[in-house]
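Engineer: This is the structure I want to talk about, given as structure tokens.
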Number of protein chains: 2
Amino acid sequence: MHMEEPRWLDETQQQAWRAFLVMVNRGMPILERTLKEHDLLVVHYAILVALSESPAHTMRLSDLADTANLSQSRLTHRLRVLTDRGDVSLHQDPQDGRGKNATLTNAGRRRLESVAPLHAENVQRVVFDHLDPTETECLARALSKIAGNLCTHEHFRPDEPH
Amino acid sequence: MHMEEPRWLDETQQQAWRAFLVMVNRGMPILERTLKEHDLLVVHYAILVALSESPAHTMRLSDLADTANLSQSRLTHRLRVLTDRGDVSLHQDPQDGRGKNATLTNAGRRRLESVAPLHAENVQRVVFDHLDPTETECLARALSKIAGNLCTHEHFRPDEPH
DNA sequence: TGTAGTTACTTGATATGTCAACTATCCTAC
DNA sequence: GTAGGATAGTTGACATATCAAGTAACTACA
């Protein structure tokens, strides 16, 4: 038994990875700050969007966590804020005593609608204004391949002790 | 004076942006967990790498923050951990009484070298194993354009009140 | 039934991130 | 020299994230 030769990143991979980290560490905070002026986090925004796109503006918590890429406990903590403030309401599932459904309230829908244009504008400014259509497609295809794997493959999920 | 029409994301942009969020919220935690088994965060790793690539393994704190995409206060907090543990040492700059230099210690270098192969392997598994060389180049080019703007342009920087 | 295992969600302790306020040094110009 | 302003870094309060452990309800099967 011996060590495999490490699979170092080549030049191009390094360039991609470092740029990705710049987006995460510099780009995301810009979006966070703007949303924060409207009392939202990017995570909150993702939760509201997921609900708004769901039939009856309602979702089972576990599905919501999955759609918003959150661990269950992280979702619970965020929902405490969103329900306290009245953007989301929670209801026991009548079929399954364990489950709960989250529903976007009118207030939540209004908040989402008031922030969405601003947020879209910011994403455009930070990300897409710097790409031509071909590059955007390239980016979408590459990221989707990676994301597809992260969602389906048996990468241990958040919150599941290993 | 009237509201501009919101610049909504088109289909492709949405696909790209949602996939990016999947990478951030599902991919990064995988990397964090693996590094954490070796008492490191991705941020710590970035700091150690920046130092290791710098002459004399030494950097001015403000440059280090910039290279690692961190706010100064975040850097200070992370450095407390890294210096307490002996991976990094701090020295007053003799030229400029305000400034400090951070130096990677031998222990820090050893820690970095012991974790780097594993981390590279994980980045490959999470990101690049799903892309062919053309897609990787596309991704690198697109992300670099975005990142380039985030680093140079007058996007308000972290830690600077606006 | 009833009990072992699974699923759905919550909780709380601890770690990390963020923001504004603070100290200390340097620079400039008068 | 010295006042005003900039620069470098730190601090502390508060918000958020993570992880493991906990509760409660369902399921399967003896």
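Here's how to read the names in the structure tokens: chain A, B, ... by the order shown, residue numbers from 1 in each chain, ligand numbers from 1 in the order shown.
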Tell me, as a list in words, which residues lie within 12 Å of DT2 of chain D, counting only C-alpha atoms (C1' of nucleotides); anything in the same chain fewer than 2 positions away does not count.

Structural biologist: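 In the requested format, the answer is DT28, DA29 and DC30 of chain C; DG4 of chain D.
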
Engineer: If you keep N, CA and C atoms (P, O5', C5', C4', C3', O3' and C1' of nucleotides), can you produce a file of those selected residues as a short mmCIF file (atom, residue, chain, number, x, y, z; two decimals), in the first residue's frame?

Structural biologist:
data_model
loop_
_atom_site.label_atom_id
_atom_site.label_comp_id
_atom_site.auth_asym_id
_atom_site.auth_seq_id
_atom_site.Cartn_x
_atom_site.Cartn_y
_atom_site.Cartn_z
P DT C 28 3.09 62.25 1.81
"O5'" DT C 28 2.18 63.55 1.73
"C5'" DT C 28 0.81 63.50 2.13
"C4'" DT C 28 0.36 64.89 2.56
"C3'" DT C 28 1.23 66.03 2.04
"O3'" DT C 28 0.41 66.86 1.24
"C1'" DT C 28 0.80 66.27 4.38
P DA C 29 1.10 68.13 0.41
"O5'" DA C 29 0.46 69.36 1.19
"C5'" DA C 29 -0.75 69.18 1.94
"C4'" DA C 29 -0.92 70.31 2.94
"C3'" DA C 29 -0.20 71.59 2.51
"O3'" DA C 29 -1.01 72.71 2.85
"C1'" DA C 29 0.64 70.92 4.60
P DC C 30 -0.70 74.11 2.05
"O5'" DC C 30 -0.77 75.15 3.24
"C5'" DC C 30 -1.75 75.00 4.26
"C4'" DC C 30 -1.11 75.26 5.62
"C3'" DC C 30 -0.36 76.58 5.71
"O3'" DC C 30 -1.15 77.55 6.41
"C1'" DC C 30 0.77 74.81 6.86
P DG D 4 -7.52 70.00 13.77
"O5'" DG D 4 -7.46 69.22 12.39
"C5'" DG D 4 -7.13 69.94 11.20
"C4'" DG D 4 -7.24 69.02 10.00
"C3'" DG D 4 -8.35 67.97 10.11
"O3'" DG D 4 -8.99 67.85 8.84
"C1'" DG D 4 -6.23 66.88 9.96
#

Engineer: Could you pull the residues within 12 Å of Leu75 of chain A, counting only C-alpha atoms (C1' of nucleotides), minus those fewer than 6 positions along the same chain, as a list in words?

Structural biologist: Val43, His44, Ala46, Ile47, Leu48, Arg60, Leu61, Ser62, Asp63, Leu64, Ala65, Asp66, Thr67, Ala68, Asn69, Val81, Leu82, Thr83, Ala102, Pro158 and Asp159 of chain A; DC9 and DT10 of chain C; DT16 and DA17 of chain D

Engineer: Write the residues of the preceding selection, restricted to N, CA and C atoms (P, O5', C5', C4', C3', O3' and C1' of nucleotides), as a PDB file, in the first residue's frame.

Structural biologist:
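What landed in out-v5.pdb:
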ATOM      1  N   VAL A  43     -29.730  33.563   1.691  1.00  0.00           N
ATOM      2  CA  VAL A  43     -30.420  32.327   2.076  1.00  0.00           C
ATOM      3  C   VAL A  43     -31.914  32.564   2.205  1.00  0.00           C
ATOM      4  N   HIS A  44     -32.293  33.647   2.855  1.00  0.00           N
ATOM      5  CA  HIS A  44     -33.713  33.952   2.976  1.00  0.00           C
ATOM      6  C   HIS A  44     -34.334  34.103   1.603  1.00  0.00           C
ATOM      7  N   ALA A  46     -33.430  32.750  -1.150  1.00  0.00           N
ATOM      8  CA  ALA A  46     -33.578  31.437  -1.779  1.00  0.00           C
ATOM      9  C   ALA A  46     -34.803  30.712  -1.234  1.00  0.00           C
ATOM     10  N   ILE A  47     -35.042  30.837   0.046  1.00  0.00           N
ATOM     11  CA  ILE A  47     -36.197  30.177   0.652  1.00  0.00           C
ATOM     12  C   ILE A  47     -37.491  30.774   0.099  1.00  0.00           C
ATOM     13  N   LEU A  48     -37.559  32.092   0.062  1.00  0.00           N
ATOM     14  CA  LEU A  48     -38.776  32.738  -0.436  1.00  0.00           C
ATOM     15  C   LEU A  48     -39.013  32.391  -1.901  1.00  0.00           C
ATOM     16  N   ARG A  60     -43.156  21.149   1.714  1.00  0.00           N
ATOM     17  CA  ARG A  60     -42.675  20.366   2.828  1.00  0.00           C
ATOM     18  C   ARG A  60     -41.279  20.830   3.195  1.00  0.00           C
ATOM     19  N   LEU A  61     -40.998  20.918   4.487  1.00  0.00           N
ATOM     20  CA  LEU A  61     -39.700  21.460   4.908  1.00  0.00           C
ATOM     21  C   LEU A  61     -38.522  20.723   4.296  1.00  0.00           C
ATOM     22  N   SER A  62     -38.606  19.416   4.239  1.00  0.00           N
ATOM     23  CA  SER A  62     -37.460  18.676   3.720  1.00  0.00           C
ATOM     24  C   SER A  62     -37.243  18.993   2.235  1.00  0.00           C
ATOM     25  N   ASP A  63     -38.327  19.156   1.498  1.00  0.00           N
ATOM     26  CA  ASP A  63     -38.187  19.533   0.090  1.00  0.00           C
ATOM     27  C   ASP A  63     -37.637  20.946  -0.045  1.00  0.00           C
ATOM     28  N   LEU A  64     -38.096  21.806   0.834  1.00  0.00           N
ATOM     29  CA  LEU A  64     -37.629  23.183   0.819  1.00  0.00           C
ATOM     30  C   LEU A  64     -36.130  23.245   1.086  1.00  0.00           C
ATOM     31  N   ALA A  65     -35.697  22.484   2.082  1.00  0.00           N
ATOM     32  CA  ALA A  65     -34.270  22.437   2.394  1.00  0.00           C
ATOM     33  C   ALA A  65     -33.491  21.965   1.172  1.00  0.00           C
ATOM     34  N   ASP A  66     -34.011  20.949   0.527  1.00  0.00           N
ATOM     35  CA  ASP A  66     -33.323  20.405  -0.639  1.00  0.00           C
ATOM     36  C   ASP A  66     -33.258  21.427  -1.769  1.00  0.00           C
ATOM     37  N   THR A  67     -34.387  22.080  -2.028  1.00  0.00           N
ATOM     38  CA  THR A  67     -34.444  23.053  -3.122  1.00  0.00           C
ATOM     39  C   THR A  67     -33.526  24.240  -2.870  1.00  0.00           C
ATOM     40  N   ALA A  68     -33.460  24.665  -1.605  1.00  0.00           N
ATOM     41  CA  ALA A  68     -32.641  25.826  -1.283  1.00  0.00           C
ATOM     42  C   ALA A  68     -31.220  25.429  -0.906  1.00  0.00           C
ATOM     43  N   ASN A  69     -30.888  24.154  -1.042  1.00  0.00           N
ATOM     44  CA  ASN A  69     -29.543  23.657  -0.739  1.00  0.00           C
ATOM     45  C   ASN A  69     -29.142  23.904   0.708  1.00  0.00           C
ATOM     46  N   VAL A  81     -36.529  33.050  11.943  1.00  0.00           N
ATOM     47  CA  VAL A  81     -36.536  34.478  11.625  1.00  0.00           C
ATOM     48  C   VAL A  81     -37.700  34.819  10.702  1.00  0.00           C
ATOM     49  N   LEU A  82     -37.867  34.035   9.660  1.00  0.00           N
ATOM     50  CA  LEU A  82     -38.871  34.361   8.645  1.00  0.00           C
ATOM     51  C   LEU A  82     -40.293  34.231   9.181  1.00  0.00           C
ATOM     52  N   THR A  83     -40.515  33.290  10.084  1.00  0.00           N
ATOM     53  CA  THR A  83     -41.868  33.153  10.639  1.00  0.00           C
ATOM     54  C   THR A  83     -42.112  34.224  11.700  1.00  0.00           C
ATOM     55  N   ALA A 102     -44.298  24.673   4.942  1.00  0.00           N
ATOM     56  CA  ALA A 102     -44.058  26.106   5.033  1.00  0.00           C
ATOM     57  C   ALA A 102     -44.831  26.782   3.917  1.00  0.00           C
ATOM     58  N   PRO A 158     -25.439  17.447   3.941  1.00  0.00           N
ATOM     59  CA  PRO A 158     -25.309  18.195   5.185  1.00  0.00           C
ATOM     60  C   PRO A 158     -26.231  17.591   6.224  1.00  0.00           C
ATOM     61  N   ASP A 159     -25.853  17.686   7.461  1.00  0.00           N
ATOM     62  CA  ASP A 159     -26.683  17.273   8.585  1.00  0.00           C
ATOM     63  C   ASP A 159     -26.709  15.774   8.802  1.00  0.00           C
TER      64      ASP A 159
ATOM     65  P    DC C   9     -40.082  17.977   7.484  1.00  0.00           P
ATOM     66  O5'  DC C   9     -39.508  18.660   8.791  1.00  0.00           O
ATOM     67  C5'  DC C   9     -40.350  18.727   9.957  1.00  0.00           C
ATOM     68  C4'  DC C   9     -39.506  18.876  11.195  1.00  0.00           C
ATOM     69  C3'  DC C   9     -38.698  20.161  11.313  1.00  0.00           C
ATOM     70  O3'  DC C   9     -39.462  21.081  12.065  1.00  0.00           O
ATOM     71  C1'  DC C   9     -37.665  18.264  12.352  1.00  0.00           C
ATOM     72  P    DT C  10     -38.845  22.432  12.588  1.00  0.00           P
ATOM     73  O5'  DT C  10     -38.080  21.998  13.923  1.00  0.00           O
ATOM     74  C5'  DT C  10     -38.803  21.287  14.923  1.00  0.00           C
ATOM     75  C4'  DT C  10     -37.990  21.267  16.214  1.00  0.00           C
ATOM     76  C3'  DT C  10     -37.417  22.614  16.633  1.00  0.00           C
ATOM     77  O3'  DT C  10     -37.750  22.741  18.007  1.00  0.00           O
ATOM     78  C1'  DT C  10     -35.683  20.986  16.547  1.00  0.00           C
TER      79       DT C  10
ATOM     80  P    DT D  16     -28.894  37.017  10.948  1.00  0.00           P
ATOM     81  O5'  DT D  16     -27.986  35.764  10.616  1.00  0.00           O
ATOM     82  C5'  DT D  16     -26.901  35.908   9.729  1.00  0.00           C
ATOM     83  C4'  DT D  16     -26.005  34.697   9.829  1.00  0.00           C
ATOM     84  C3'  DT D  16     -26.704  33.376   9.511  1.00  0.00           C
ATOM     85  O3'  DT D  16     -26.142  32.917   8.296  1.00  0.00           O
ATOM     86  C1'  DT D  16     -25.229  33.197  11.382  1.00  0.00           C
ATOM     87  P    DA D  17     -26.423  31.447   7.766  1.00  0.00           P
ATOM     88  O5'  DA D  17     -25.317  30.572   8.494  1.00  0.00           O
ATOM     89  C5'  DA D  17     -23.959  30.762   8.146  1.00  0.00           C
ATOM     90  C4'  DA D  17     -23.126  29.559   8.565  1.00  0.00           C
ATOM     91  C3'  DA D  17     -23.705  28.209   8.154  1.00  0.00           C
ATOM     92  O3'  DA D  17     -22.621  27.424   7.675  1.00  0.00           O
ATOM     93  C1'  DA D  17     -23.439  28.299  10.523  1.00  0.00           C
TER      94       DA D  17
END

Engineer: Where in segment 21-71 of chain B does DSSP assign alpha helix (DSSP H), given as a PyMOL selection string?

Structural biologist: chain B and resi 21-22+28-36+42-52+61-67

Engineer: Deliver the residues from the most recent selection as a file, using N, CA and C atoms, as a PDB file, in the first residue's frame.

Structural biologist:
ATOM      1  N   LEU B  21     -25.002  28.565  -7.039  1.00  0.00           N
ATOM      2  CA  LEU B  21     -25.438  28.482  -5.642  1.00  0.00           C
ATOM      3  C   LEU B  21     -25.358  27.045  -5.111  1.00  0.00           C
ATOM      4  N   VAL B  22     -25.597  26.090  -5.994  1.00  0.00           N
ATOM      5  CA  VAL B  22     -25.433  24.695  -5.566  1.00  0.00           C
ATOM      6  C   VAL B  22     -23.976  24.433  -5.199  1.00  0.00           C
ATOM      7  N   MET B  28     -18.947  23.561  -1.372  1.00  0.00           N
ATOM      8  CA  MET B  28     -18.007  24.077  -0.384  1.00  0.00           C
ATOM      9  C   MET B  28     -18.062  23.321   0.939  1.00  0.00           C
ATOM     10  N   PRO B  29     -19.260  23.028   1.468  1.00  0.00           N
ATOM     11  CA  PRO B  29     -19.291  22.284   2.728  1.00  0.00           C
ATOM     12  C   PRO B  29     -18.552  20.948   2.664  1.00  0.00           C
ATOM     13  N   ILE B  30     -18.566  20.309   1.512  1.00  0.00           N
ATOM     14  CA  ILE B  30     -17.832  19.043   1.394  1.00  0.00           C
ATOM     15  C   ILE B  30     -16.342  19.286   1.599  1.00  0.00           C
ATOM     16  N   LEU B  31     -15.846  20.354   0.974  1.00  0.00           N
ATOM     17  CA  LEU B  31     -14.435  20.677   1.133  1.00  0.00           C
ATOM     18  C   LEU B  31     -14.135  21.084   2.576  1.00  0.00           C
ATOM     19  N   GLU B  32     -15.049  21.841   3.166  1.00  0.00           N
ATOM     20  CA  GLU B  32     -14.848  22.273   4.551  1.00  0.00           C
ATOM     21  C   GLU B  32     -14.733  21.068   5.482  1.00  0.00           C
ATOM     22  N   ARG B  33     -15.609  20.112   5.282  1.00  0.00           N
ATOM     23  CA  ARG B  33     -15.627  18.963   6.189  1.00  0.00           C
ATOM     24  C   ARG B  33     -14.332  18.179   6.116  1.00  0.00           C
ATOM     25  N   THR B  34     -13.834  18.009   4.918  1.00  0.00           N
ATOM     26  CA  THR B  34     -12.597  17.238   4.788  1.00  0.00           C
ATOM     27  C   THR B  34     -11.432  17.975   5.425  1.00  0.00           C
ATOM     28  N   LEU B  35     -11.349  19.275   5.161  1.00  0.00           N
ATOM     29  CA  LEU B  35     -10.262  20.038   5.760  1.00  0.00           C
ATOM     30  C   LEU B  35     -10.397  20.062   7.272  1.00  0.00           C
ATOM     31  N   LYS B  36     -11.633  20.114   7.756  1.00  0.00           N
ATOM     32  CA  LYS B  36     -11.845  20.210   9.192  1.00  0.00           C
ATOM     33  C   LYS B  36     -11.289  19.003   9.933  1.00  0.00           C
ATOM     34  N   VAL B  42     -11.363  26.150   4.818  1.00  0.00           N
ATOM     35  CA  VAL B  42     -10.951  26.577   3.488  1.00  0.00           C
ATOM     36  C   VAL B  42     -10.253  27.943   3.577  1.00  0.00           C
ATOM     37  N   VAL B  43     -10.753  28.796   4.479  1.00  0.00           N
ATOM     38  CA  VAL B  43     -10.125  30.107   4.662  1.00  0.00           C
ATOM     39  C   VAL B  43      -8.697  29.960   5.167  1.00  0.00           C
ATOM     40  N   HIS B  44      -8.512  29.095   6.153  1.00  0.00           N
ATOM     41  CA  HIS B  44      -7.160  28.868   6.660  1.00  0.00           C
ATOM     42  C   HIS B  44      -6.265  28.378   5.542  1.00  0.00           C
ATOM     43  N   TYR B  45      -6.777  27.465   4.786  1.00  0.00           N
ATOM     44  CA  TYR B  45      -6.001  26.917   3.668  1.00  0.00           C
ATOM     45  C   TYR B  45      -5.573  28.032   2.727  1.00  0.00           C
ATOM     46  N   ALA B  46      -6.503  28.921   2.397  1.00  0.00           N
ATOM     47  CA  ALA B  46      -6.186  30.033   1.492  1.00  0.00           C
ATOM     48  C   ALA B  46      -5.088  30.915   2.069  1.00  0.00           C
ATOM     49  N   ILE B  47      -5.137  31.147   3.367  1.00  0.00           N
ATOM     50  CA  ILE B  47      -4.115  31.972   4.013  1.00  0.00           C
ATOM     51  C   ILE B  47      -2.755  31.283   3.929  1.00  0.00           C
ATOM     52  N   LEU B  48      -2.722  30.013   4.259  1.00  0.00           N
ATOM     53  CA  LEU B  48      -1.445  29.286   4.230  1.00  0.00           C
ATOM     54  C   LEU B  48      -0.882  29.233   2.813  1.00  0.00           C
ATOM     55  N   VAL B  49      -1.759  29.007   1.833  1.00  0.00           N
ATOM     56  CA  VAL B  49      -1.293  28.962   0.443  1.00  0.00           C
ATOM     57  C   VAL B  49      -0.712  30.305   0.033  1.00  0.00           C
ATOM     58  N   ALA B  50      -1.416  31.382   0.363  1.00  0.00           N
ATOM     59  CA  ALA B  50      -0.923  32.710  -0.012  1.00  0.00           C
ATOM     60  C   ALA B  50       0.465  32.936   0.572  1.00  0.00           C
ATOM     61  N   LEU B  51       0.642  32.593   1.831  1.00  0.00           N
ATOM     62  CA  LEU B  51       1.952  32.786   2.461  1.00  0.00           C
ATOM     63  C   LEU B  51       3.005  31.898   1.801  1.00  0.00           C
ATOM     64  N   SER B  52       2.639  30.674   1.514  1.00  0.00           N
ATOM     65  CA  SER B  52       3.624  29.732   0.971  1.00  0.00           C
ATOM     66  C   SER B  52       4.098  30.159  -0.408  1.00  0.00           C
ATOM     67  N   LEU B  61       0.019  42.079   6.160  1.00  0.00           N
ATOM     68  CA  LEU B  61      -1.350  41.624   6.423  1.00  0.00           C
ATOM     69  C   LEU B  61      -2.356  42.136   5.407  1.00  0.00           C
ATOM     70  N   SER B  62      -2.221  43.396   5.023  1.00  0.00           N
ATOM     71  CA  SER B  62      -3.213  43.922   4.076  1.00  0.00           C
ATOM     72  C   SER B  62      -3.105  43.213   2.727  1.00  0.00           C
ATOM     73  N   ASP B  63      -1.875  42.881   2.308  1.00  0.00           N
ATOM     74  CA  ASP B  63      -1.732  42.132   1.060  1.00  0.00           C
ATOM     75  C   ASP B  63      -2.285  40.721   1.198  1.00  0.00           C
ATOM     76  N   LEU B  64      -2.047  40.152   2.361  1.00  0.00           N
ATOM     77  CA  LEU B  64      -2.537  38.803   2.614  1.00  0.00           C
ATOM     78  C   LEU B  64      -4.061  38.768   2.557  1.00  0.00           C
ATOM     79  N   ALA B  65      -4.668  39.766   3.188  1.00  0.00           N
ATOM     80  CA  ALA B  65      -6.127  39.845   3.158  1.00  0.00           C
ATOM     81  C   ALA B  65      -6.610  39.952   1.717  1.00  0.00           C
ATOM     82  N   ASP B  66      -5.941  40.763   0.944  1.00  0.00           N
ATOM     83  CA  ASP B  66      -6.348  40.950  -0.434  1.00  0.00           C
ATOM     84  C   ASP B  66      -6.191  39.660  -1.239  1.00  0.00           C
ATOM     85  N   THR B  67      -5.061  39.006  -1.075  1.00  0.00           N
ATOM     86  CA  THR B  67      -4.799  37.777  -1.829  1.00  0.00           C
ATOM     87  C   THR B  67      -5.790  36.678  -1.470  1.00  0.00           C
TER      88      THR B  67
END

Engineer: Please return, as a PyMOL selection string, all residues of chain B lying within 7 Å of chain A when only C-alpha atoms are considered.

Structural biologist: chain B and resi 6-9+12-13+15-16+19-20+22-23+25-27+69+117+120-121+127+130-131+135-140+142-147+150

Engineer: Using only C-alpha atoms (C1' of nucleotides) and a distance of at most 10 Å, pull out the residues of chain D that contact chain B, as number ranges by chain.

Structural biologist: D: 7-11, 18

Engineer: With a distance threshold of 8 Å and counting only C-alpha atoms (C1' of nucleotides), extract the residues of chain C near chain B and express them as a PyMOL selection string.

Structural biologist: chain C and resi 17+19-20+24-26

Engineer: Of the candidates C:DG2, C:DT16, C:DA8, C:DA21, which shows the shortest atom-to-atom distance to DA13 of chain D, using only C-alpha atoms (C1' of nucleotides)?

Structural biologist: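 When distances to DA13 of chain D are compared using only C-alpha atoms (C1' of nucleotides), the smallest one comes from C:DA21.
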
Engineer: Looking only at the backbone, which of the residues in chain B does DSSP tag as strand (DSSP E), as a list in words?

Structural biologist: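 Strand (DSSP E) assignments inside chain B correspond to Thr58, Met59, Arg60, Val88, Ser89, Leu90, His91, Gln92, Lys100, Asn101, Ala102, Thr103 and Leu104 of chain B.
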
Engineer: Which residues, written as a PyMOL selection string, have at least one atom at most 12 Å from DG5 of chain C, with only C-alpha atoms (C1' of nucleotides) counted and residues fewer than 5 positions away on the same chain left out?

Structural biologist: chain D and resi 26-29
